[in-house]
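Colleague: Dumping the structure here so I can ask a few things about it.
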Amino acid sequence: MSELFSGTGEGLARLGLEILGKGGSAVSAEISQRWFNASGRYIANYKKRHCQLKVLGMREPVDLAQVYTGVKFLQDDDILKFESIAALEESYRATRLRGYGGRRRDGEKQSGITVANDRQYLMVLGGPGAGKSTFLRKVGLESLKTLHYENAEYRHRCVPVLLELKRFETDTIDIAALIAREFETCDFPEPGKFTQSALQQGKLLILLDGLDEVPTANLDNVIRTIQDFVDRYDQNRFIASCRTAAYRGGFTRFSDVGMADFDDAQIQQFINNWFSNEQDRERETGKKCWEVLQADKNQAAKELAHTPLLLTFLCLVYDRSQRFPDNRSSLYQRALRILLEEWASEKRINRDEIYDGLSIELEEGLLSEIAFDGFEADQLFFDKRSLTRQ
């Protein structure tokens with residue numbers, strides 16, 4: 001059977017047959033070939049759907065593996081800073097940084113992939129554009145490499161399945177059926193039976209992306225459904241993601257981890273990865289971009305670069321003009337527009353009725369008033385009650 005399993009899909013096909021109890025030389029060449037073909041389609045489909053980045057009006061998609069920069073998580077004591085407004089204020093004033101991503105404790109942050117290897121149930125928290133979805137997709141990609149016996153960072157031999165939670169809109173949610181549909185789409189033999197066997201044997205890595213993107217009216221139902229599903233199939237591995245500000249808990253088995261802001265080394269690596277084609281390497285575009293970013297006049301741009309989404313924006317800006325805007329206010333305004341408009345549109349965030357009629361201009365005006373009042377009161381963070389009142 002080995003000659004039928006050379007190339008993409010070999011490892012996944014072997015695992016699929018093992019899960020169904022059909023491993024070994026007794027399997028016919030026809031069945032082996034069907035599994036090999038379906039596995040190849042599944043891997044190609046995963047890469048096409050989840051490993052092509054196209055954001056902020058990019059003309060062409062960028063391969064995730066090409067630009068991905070390893071993320072880091074905050075230490076447990078840093079996570080405690082998110083528990084109250086007072087703790088966040090204290091953390092900010094102690095570091096004097098715009099943000100709370102642990103930038104000054106680089107040696108104590110944890111490698112994201114290491115944590116994913118160590119924790120069976122993981123809830124990844126972070127701000128908008130922090131790279132949560134990208135991290136989930138990368139872990140899934142690494143698990144496919146593990147199945148193919150490549151040099152992979154993920155250690156567990158599991159089949160990755162990524163589910164976007166923004167699609168959980170109905171009252172009745174059958175997660176097992178949604179997983180089976182992922183396999184059925186790629187012509188897996190007996191997709192329903194395979195899904196049940198894989199779940200019962202703990203052979204799946206289930207990636208639940210974007211809890212904060214679930215429609216508010218259905219959120220409690222989704223949380224309850226996921227909890228029941230995890231309890232029923234607790235031998236599998238789970239990684240979920242959610243914006244920090246939207247997380248309400250409820251996932252008792254999961255370890256909560258926070259995305260750390262990019263440090264200088266990560267920013268430099270991302271820039272080098274971004275400008276990695278042959279022409280850019282010859283011109284040393286990545287090196288020049290990094291050097292320009294270090295200039296005192298570009299301090300505002302450097303501040304934005306700690307967030308992956310905004311760093312992507314800066315790379316696109318530099319690619320067009322070989323410089324960064326000198327006007328700090330216009331730079332921040334463009335960054336704000338990215339988070340309010342393009343990022344929210346990509347994530348389909350503003351779908352609740354309360355957003356009807358709320359234009360970007362009105363939203364900017366609202367935030368301006370809140371910021372002005374906060375500035376006068378020397379207040380850096382706001383609780384939901386005070387924001388609702390305003």
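A note on labels: chains of the structure tokens are A, B, ... as shown, every chain counts residues from 1, and ligands are counted from 1 in their shown order.
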Using only C-alpha atoms, I'd like a table of the residues in region 269-326 of chain A that come within 10 Å of region 124-139 of chain A; for each, show the closest atom pair and its distance in Å rounded to one decimal, ordered by chain and ascending number, as a Markdown table.
Modeller:
```
| residue | atom | partner | partner_atom | distance |
| --- | --- | --- | --- | --- |
| A:His306 | CA | A:Ala130 | CA | 8.7 |
| A:Thr307 | CA | A:Ala130 | CA | 5.5 |
| A:Pro308 | CA | A:Ala130 | CA | 5.6 |
| A:Leu309 | CA | A:Gly129 | CA | 4.7 |
| A:Leu310 | CA | A:Gly129 | CA | 7.3 |
| A:Leu311 | CA | A:Gly129 | CA | 9.6 |
| A:Thr312 | CA | A:Gly129 | CA | 9.8 |
```
Colleague: Where in region 219-307 of chain A does DSSP assign strand (DSSP E), given as an MDAnalysis selection string?
Modeller: chainID A and resid 237:243 255:258
Colleague: Selected residues, C-alpha atoms, written as a PDB file, in the first residue's frame, please.
Modeller:
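Written file, again.pdb:
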```pdb
ATOM      1  CA  ARG A 237      -8.255  18.670  21.493  1.00  0.00           C
ATOM      2  CA  PHE A 238      -9.974  22.060  21.285  1.00  0.00           C
ATOM      3  CA  ILE A 239      -8.750  25.597  20.605  1.00  0.00           C
ATOM      4  CA  ALA A 240     -11.257  28.469  20.613  1.00  0.00           C
ATOM      5  CA  SER A 241     -10.784  32.199  20.111  1.00  0.00           C
ATOM      6  CA  CYS A 242     -12.588  35.316  21.310  1.00  0.00           C
ATOM      7  CA  ARG A 243     -11.984  39.040  21.670  1.00  0.00           C
ATOM      8  CA  SER A 255      -7.364  27.376  29.893  1.00  0.00           C
ATOM      9  CA  ASP A 256      -7.632  31.099  29.117  1.00  0.00           C
ATOM     10  CA  VAL A 257      -4.572  32.648  27.482  1.00  0.00           C
ATOM     11  CA  GLY A 258      -4.062  36.210  26.214  1.00  0.00           C
TER      12      GLY A 258
END
```
Colleague: So which one's closest to Leu141 (chain A), A:Lys54, A:Lys48, A:Arg232, A:Arg167? Using only C-alpha atoms, please.
Modeller: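 The answer is A:Lys48, which sits nearest to Leu141 (chain A).
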Colleague: Kindly indicate which residue among A:Pro189, A:Pro160, A:Gly70, A:Pro61 lies nearest to Trp35 (chain A), using only C-alpha atoms for the distances.
Modeller: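 Going through A:Pro189, A:Pro160, A:Gly70, A:Pro61 one by one, the smallest distance to Trp35 (chain A) is for A:Pro189.
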